[in-house]
$ cat query33.pdb   # PDB, C-alpha atoms, pLDDT in the B column
MODEL        1
ATOM      1  CA  MET T   1     -18.522  -5.268 -13.510  1.00 68.00           C
ATOM      2  CA  VAL T   2     -16.183  -2.397 -14.307  1.00 75.00           C
ATOM      3  CA  ARG T   3     -13.099  -1.972 -12.119  1.00 84.00           C
ATOM      4  CA  MET T   4     -12.969   1.559 -10.798  1.00 88.00           C
ATOM      5  CA  SER T   5      -9.686   1.269  -8.939  1.00 93.00           C
ATOM      6  CA  VAL T   6      -7.256  -1.599  -9.503  1.00 95.00           C
ATOM      7  CA  LEU T   7      -5.268  -0.617  -6.395  1.00 95.00           C
ATOM      8  CA  ALA T   8      -8.388  -0.628  -4.191  1.00 96.00           C
ATOM      9  CA  ASP T   9      -9.375  -4.086  -5.476  1.00 96.00           C
ATOM     10  CA  ALA T  10      -5.857  -5.412  -4.852  1.00 96.00           C
ATOM     11  CA  LEU T  11      -5.680  -4.103  -1.288  1.00 96.00           C
ATOM     12  CA  LYS T  12      -9.180  -5.381  -0.485  1.00 96.00           C
ATOM     13  CA  THR T  13      -8.220  -8.844  -1.804  1.00 96.00           C
ATOM     14  CA  LEU T  14      -5.033  -8.745   0.273  1.00 96.00           C
ATOM     15  CA  ASN T  15      -7.004  -7.734   3.377  1.00 96.00           C
ATOM     16  CA  ASN T  16      -9.627 -10.475   2.902  1.00 97.00           C
ATOM     17  CA  ALA T  17      -7.001 -13.191   2.342  1.00 97.00           C
ATOM     18  CA  GLU T  18      -5.140 -12.064   5.460  1.00 96.00           C
ATOM     19  CA  LYS T  19      -8.339 -12.203   7.539  1.00 96.00           C
ATOM     20  CA  ALA T  20      -9.150 -15.670   6.172  1.00 97.00           C
ATOM     21  CA  GLY T  21      -5.701 -16.867   7.270  1.00 95.00           C
ATOM     22  CA  LYS T  22      -4.382 -17.704   3.798  1.00 96.00           C
ATOM     23  CA  ARG T  23      -0.660 -18.179   3.242  1.00 96.00           C
ATOM     24  CA  GLN T  24      -0.613 -16.683  -0.249  1.00 96.00           C
ATOM     25  CA  VAL T  25      -2.926 -14.652  -2.446  1.00 97.00           C
ATOM     26  CA  LEU T  26      -3.272 -14.079  -6.197  1.00 97.00           C
ATOM     27  CA  ILE T  27      -4.000 -10.513  -7.293  1.00 95.00           C
ATOM     28  CA  ARG T  28      -5.040  -9.634 -10.835  1.00 93.00           C
ATOM     29  CA  PRO T  29      -4.792  -7.385 -12.751  1.00 93.00           C
ATOM     30  CA  CYS T  30      -1.347  -6.058 -11.871  1.00 94.00           C
ATOM     31  CA  SER T  31      -0.092  -2.504 -12.327  1.00 94.00           C
ATOM     32  CA  LYS T  32       3.108  -0.566 -11.668  1.00 95.00           C
ATOM     33  CA  VAL T  33       1.430   1.260  -8.772  1.00 96.00           C
ATOM     34  CA  ILE T  34       0.432  -2.039  -7.116  1.00 96.00           C
ATOM     35  CA  VAL T  35       3.997  -3.372  -7.465  1.00 97.00           C
ATOM     36  CA  LYS T  36       5.516  -0.220  -5.913  1.00 97.00           C
ATOM     37  CA  TYR T  37       2.930  -0.305  -3.090  1.00 97.00           C
ATOM     38  CA  LEU T  38       3.807  -3.953  -2.410  1.00 97.00           C
ATOM     39  CA  GLN T  39       7.523  -3.097  -2.392  1.00 97.00           C
ATOM     40  CA  VAL T  40       6.888  -0.517   0.357  1.00 97.00           C
ATOM     41  CA  MET T  41       4.924  -3.130   2.348  1.00 97.00           C
ATOM     42  CA  GLN T  42       7.677  -5.707   1.825  1.00 97.00           C
ATOM     43  CA  LYS T  43      10.388  -3.262   2.898  1.00 97.00           C
ATOM     44  CA  HIS T  44       8.656  -2.867   6.273  1.00 96.00           C
ATOM     45  CA  GLY T  45       8.083  -6.612   6.668  1.00 96.00           C
ATOM     46  CA  TYR T  46       4.299  -6.725   6.303  1.00 96.00           C
ATOM     47  CA  ILE T  47       4.345  -9.228   3.414  1.00 96.00           C
ATOM     48  CA  GLY T  48       6.830 -11.856   2.270  1.00 96.00           C
ATOM     49  CA  GLU T  49       8.107 -12.383  -1.261  1.00 97.00           C
ATOM     50  CA  PHE T  50       5.892 -11.623  -4.228  1.00 97.00           C
ATOM     51  CA  GLU T  51       6.161 -12.815  -7.805  1.00 97.00           C
ATOM     52  CA  ILE T  52       4.864 -11.028 -10.882  1.00 96.00           C
ATOM     53  CA  VAL T  53       3.355 -13.358 -13.499  1.00 96.00           C
ATOM     54  CA  ASP T  54       3.106 -11.871 -16.998  1.00 94.00           C
ATOM     55  CA  ASP T  55       0.224 -13.544 -18.843  1.00 94.00           C
ATOM     56  CA  HIS T  56       0.084 -10.977 -21.712  1.00 92.00           C
ATOM     57  CA  ARG T  57      -3.253  -9.713 -20.387  1.00 92.00           C
ATOM     58  CA  GLY T  58      -3.428  -7.676 -17.204  1.00 92.00           C
ATOM     59  CA  GLY T  59      -0.695  -9.541 -15.370  1.00 95.00           C
ATOM     60  CA  LYS T  60      -0.895 -11.255 -11.976  1.00 96.00           C
ATOM     61  CA  VAL T  61       0.935 -11.040  -8.676  1.00 97.00           C
ATOM     62  CA  VAL T  62       1.320 -13.952  -6.226  1.00 97.00           C
ATOM     63  CA  ILE T  63       2.033 -12.656  -2.711  1.00 97.00           C
ATOM     64  CA  GLU T  64       3.284 -14.661   0.278  1.00 97.00           C
ATOM     65  CA  LEU T  65       1.450 -13.529   3.428  1.00 96.00           C
ATOM     66  CA  ILE T  66       3.118 -13.650   6.844  1.00 95.00           C
ATOM     67  CA  GLY T  67       0.102 -12.689   8.968  1.00 93.00           C
ATOM     68  CA  ARG T  68       1.213  -9.201   9.922  1.00 94.00           C
ATOM     69  CA  ILE T  69      -1.343  -7.032   8.123  1.00 95.00           C
ATOM     70  CA  ASN T  70      -4.213  -5.823  10.292  1.00 95.00           C
ATOM     71  CA  LYS T  71      -5.681  -3.491   7.697  1.00 95.00           C
ATOM     72  CA  CYS T  72      -4.655  -1.938   4.426  1.00 95.00           C
ATOM     73  CA  GLY T  73      -6.694   0.394   2.312  1.00 95.00           C
ATOM     74  CA  VAL T  74      -6.721   3.048  -0.352  1.00 97.00           C
ATOM     75  CA  ILE T  75      -7.633   6.718   0.109  1.00 95.00           C
ATOM     76  CA  SER T  76      -9.835   7.986  -2.677  1.00 93.00           C
ATOM     77  CA  PRO T  77      -9.691  10.693  -3.933  1.00 95.00           C
ATOM     78  CA  ARG T  78      -5.907  11.037  -3.810  1.00 95.00           C
ATOM     79  CA  PHE T  79      -5.679  14.127  -1.627  1.00 97.00           C
ATOM     80  CA  ASP T  80      -2.690  16.455  -1.823  1.00 97.00           C
ATOM     81  CA  ILE T  81      -0.489  16.260   1.271  1.00 95.00           C
ATOM     82  CA  LYS T  82       1.992  18.940   2.222  1.00 95.00           C
ATOM     83  CA  LEU T  83       4.993  18.057   4.349  1.00 93.00           C
ATOM     84  CA  LYS T  84       3.463  19.875   7.346  1.00 94.00           C
ATOM     85  CA  SER T  85       0.145  17.998   7.173  1.00 95.00           C
ATOM     86  CA  ILE T  86       1.581  14.443   7.095  1.00 93.00           C
ATOM     87  CA  GLU T  87       1.354  14.264  10.908  1.00 93.00           C
ATOM     88  CA  GLN T  88      -2.350  15.188  10.820  1.00 95.00           C
ATOM     89  CA  TRP T  89      -3.087  12.477   8.232  1.00 94.00           C
ATOM     90  CA  MET T  90      -1.176   9.937  10.318  1.00 94.00           C
ATOM     91  CA  SER T  91      -3.293  10.661  13.379  1.00 94.00           C
ATOM     92  CA  ASN T  92      -6.490  10.395  11.296  1.00 94.00           C
ATOM     93  CA  LEU T  93      -5.647   7.128   9.523  1.00 94.00           C
ATOM     94  CA  LEU T  94      -3.343   5.089  11.741  1.00 95.00           C
ATOM     95  CA  PRO T  95      -4.259   3.526  15.107  1.00 94.00           C
ATOM     96  CA  SER T  96      -1.056   4.612  16.869  1.00 92.00           C
ATOM     97  CA  ARG T  97       2.075   6.679  16.361  1.00 86.00           C
ATOM     98  CA  GLN T  98       4.246   3.608  16.930  1.00 88.00           C
ATOM     99  CA  PHE T  99       3.244   1.545  13.904  1.00 89.00           C
ATOM    100  CA  GLY T 100       1.562   1.775  10.530  1.00 95.00           C
ATOM    101  CA  TYR T 101       2.507   3.598   7.369  1.00 96.00           C
ATOM    102  CA  ILE T 102       0.916   6.000   4.899  1.00 96.00           C
ATOM    103  CA  VAL T 103       1.907   5.504   1.259  1.00 97.00           C
ATOM    104  CA  LEU T 104       2.376   8.649  -0.837  1.00 97.00           C
ATOM    105  CA  THR T 105       3.040   9.181  -4.491  1.00 97.00           C
ATOM    106  CA  THR T 106       5.502  12.010  -4.975  1.00 96.00           C
ATOM    107  CA  SER T 107       7.564  13.436  -7.781  1.00 96.00           C
ATOM    108  CA  LEU T 108      10.390  11.240  -6.441  1.00 96.00           C
ATOM    109  CA  GLY T 109       8.332   8.031  -6.655  1.00 96.00           C
ATOM    110  CA  ILE T 110       6.017   6.018  -4.415  1.00 97.00           C
ATOM    111  CA  MET T 111       7.186   5.955  -0.788  1.00 97.00           C
ATOM    112  CA  ASP T 112       6.025   5.896   2.822  1.00 96.00           C
ATOM    113  CA  GLN T 113       5.661   8.981   5.008  1.00 95.00           C
ATOM    114  CA  GLU T 114       9.029   8.518   6.753  1.00 95.00           C
ATOM    115  CA  GLU T 115      10.945   8.474   3.478  1.00 96.00           C
ATOM    116  CA  ALA T 116       8.948  11.486   2.264  1.00 96.00           C
ATOM    117  CA  ARG T 117       9.955  13.340   5.441  1.00 95.00           C
ATOM    118  CA  ARG T 118      13.614  12.442   4.952  1.00 96.00           C
ATOM    119  CA  LYS T 119      13.501  13.693   1.371  1.00 96.00           C
ATOM    120  CA  SER T 120      11.331  16.647   2.525  1.00 96.00           C
ATOM    121  CA  THR T 121       8.689  16.245  -0.138  1.00 96.00           C
ATOM    122  CA  GLY T 122       4.903  16.145  -0.143  1.00 95.00           C
ATOM    123  CA  GLY T 123       2.649  14.482  -2.673  1.00 96.00           C
ATOM    124  CA  LYS T 124      -0.663  12.732  -3.094  1.00 97.00           C
ATOM    125  CA  ILE T 125      -1.885  10.076  -0.696  1.00 97.00           C
ATOM    126  CA  LEU T 126      -2.349   6.556  -2.099  1.00 97.00           C
ATOM    127  CA  GLY T 127      -3.288   4.543   0.968  1.00 97.00           C
ATOM    128  CA  PHE T 128      -2.217   3.121   4.315  1.00 97.00           C
ATOM    129  CA  PHE T 129      -1.367  -0.159   5.997  1.00 97.00           C
ATOM    130  CA  TYR T 130      -0.809  -1.352   9.545  1.00 95.00           C
TER     131      TYR T 130
ENDMDL
END

$ encode --input "query33.pdb" --output "structure tokens"
Amino acid sequence: MVRMSVLADALKTLNNAEKAGKRQVLIRPCSKVIVKYLQVMQKHGYIGEFEIVDDHRGGKVVIELIGRINKCGVISPRFDIKLKSIEQWMSNLLPSRQFGYIVLTTSLGIMDQEEARRKSTGGKILGFFY
């Protein structure tokens, strides 16, 4: 089977392992976008440490789960988001205003919506997690 989206496969694997109550999960193949997405999740305390294993093929990532993820997913196609419309996307995707994050790819790198607001930049939406 052909992989359409490596990020979507990775997040679905992460979600399934979390629901099954696993302590760690192996994701392959690995990409720069997946690593940056995981760094955003780690910064907010949704996952533990993760280790990148270079096997000279697609690469692998081993992620320690801490049982905090309820859902994570990718938004396809990657819609353009202006700074003013971030609030609208948050209300559509996230269950509450108190928790959950939207991950954007901007000209300043991959970041969550709060960091994008601080740097006052829009971008394209990658996905969400809560």

$ resolve_selection --input "query33.pdb" --expression "the PyMOL selection byres ((chain T and resi 66-69) around 7)" --output "PDB file with C-alpha atoms, in the coordinates of the input"
ATOM      1  CA  GLU T  18      -5.140 -12.064   5.460  1.00 96.00           C
ATOM      2  CA  ARG T  23      -0.660 -18.179   3.242  1.00 96.00           C
ATOM      3  CA  TYR T  46       4.299  -6.725   6.303  1.00 96.00           C
ATOM      4  CA  ILE T  47       4.345  -9.228   3.414  1.00 96.00           C
ATOM      5  CA  GLY T  48       6.830 -11.856   2.270  1.00 96.00           C
ATOM      6  CA  GLU T  64       3.284 -14.661   0.278  1.00 97.00           C
ATOM      7  CA  LEU T  65       1.450 -13.529   3.428  1.00 96.00           C
ATOM      8  CA  ASN T  70      -4.213  -5.823  10.292  1.00 95.00           C
ATOM      9  CA  LYS T  71      -5.681  -3.491   7.697  1.00 95.00           C
ATOM     10  CA  TYR T 130      -0.809  -1.352   9.545  1.00 95.00           C
TER      11      TYR T 130
END

$ resolve_selection --input "query33.pdb" --expression "the PyMOL selection byres ((chain T and resi 25) around 8)" --output "list of chain:residue names"
T:Thr13, T:Leu14, T:Ala17, T:Lys22, T:Arg23, T:Gln24, T:Leu26, T:Ile27, T:Val62, T:Ile63, T:Glu64, T:Leu65

$ resolve_selection --input "query33.pdb" --expression "the PyMOL selection byres ((chain T and resi 112) around 9)" --output "VMD selection string"
chain T and resid 40 101 to 105 110 to 111 113 to 117 128

$ write_last_selection --input "query33.pdb" --atoms "C-alpha atoms" --output "short mmCIF file (atom, residue, chain, number, x, y, z; two decimals), in the frame of the given file"
data_model
loop_
_atom_site.label_atom_id
_atom_site.label_comp_id
_atom_site.auth_asym_id
_atom_site.auth_seq_id
_atom_site.Cartn_x
_atom_site.Cartn_y
_atom_site.Cartn_z
CA VAL T 40 6.89 -0.52 0.36
CA TYR T 101 2.51 3.60 7.37
CA ILE T 102 0.92 6.00 4.90
CA VAL T 103 1.91 5.50 1.26
CA LEU T 104 2.38 8.65 -0.84
CA THR T 105 3.04 9.18 -4.49
CA ILE T 110 6.02 6.02 -4.42
CA MET T 111 7.19 5.96 -0.79
CA GLN T 113 5.66 8.98 5.01
CA GLU T 114 9.03 8.52 6.75
CA GLU T 115 10.94 8.47 3.48
CA ALA T 116 8.95 11.49 2.26
CA ARG T 117 9.96 13.34 5.44
CA PHE T 128 -2.22 3.12 4.32
#

$ residues_around --input "query33.pdb" --residues "T:Ser107" --least-positions-apart "4" --cutoff "12 Å" --atoms "all atoms listed in the file" --output "number ranges by chain"
T: 111, 116, 119-124

$ closest_residue --input "query33.pdb" --among "T:Lys60, T:Arg78, T:Lys43, T:Lys84" --to "T:Thr106" --atoms "all atoms listed in the file"
T:Arg78

$ atom_distance --input "query33.pdb" --atom1 "atom CA of T:Ile125" --atom2 "atom CA of T:Lys82"
10.1 Å

$ atom_distance --input "query33.pdb" --atom1 "atom CA of T:Asp80" --atom2 "atom CA of T:Met41"
21.4 Å

$ atom_distance --input "query33.pdb" --atom1 "atom CA of T:Val61" --atom2 "atom CA of T:Met90"
28.4 Å

$ closest_residue --input "query33.pdb" --among "T:Leu7, T:Lys12, T:Phe129, T:Gly109" --to "T:Leu94" --atoms "only C-alpha atoms"
T:Phe129

$ closest_residue --input "query33.pdb" --among "T:Pro77, T:Ile86, T:Arg97, T:Ala20" --to "T:Met4" --atoms "all atoms listed in the file"
T:Pro77

$ closest_residue --input "query33.pdb" --among "T:Val2, T:Leu83, T:Cys72, T:Val53" --to "T:Gly127" --atoms "only C-alpha atoms"
T:Cys72

$ closest_residue --input "query33.pdb" --among "T:Arg28, T:Leu108, T:Leu126, T:Gly58" --to "T:Trp89" --atoms "only C-alpha atoms"
T:Leu126

$ closest_residue --input "query33.pdb" --among "T:His56, T:Pro95, T:Gly100, T:Ser31" --to "T:His44" --atoms "only C-alpha atoms"
T:Gly100

$ axis_aligned_box --input "query33.pdb" --around "stretch 11-28 of chain T" --padding-each-side "5 Å" --output "JSON"
{"center_x": -5.1, "center_y": -11.1, "center_z": -1.6, "size_x": 19.0, "size_y": 24.1, "size_z": 28.4}
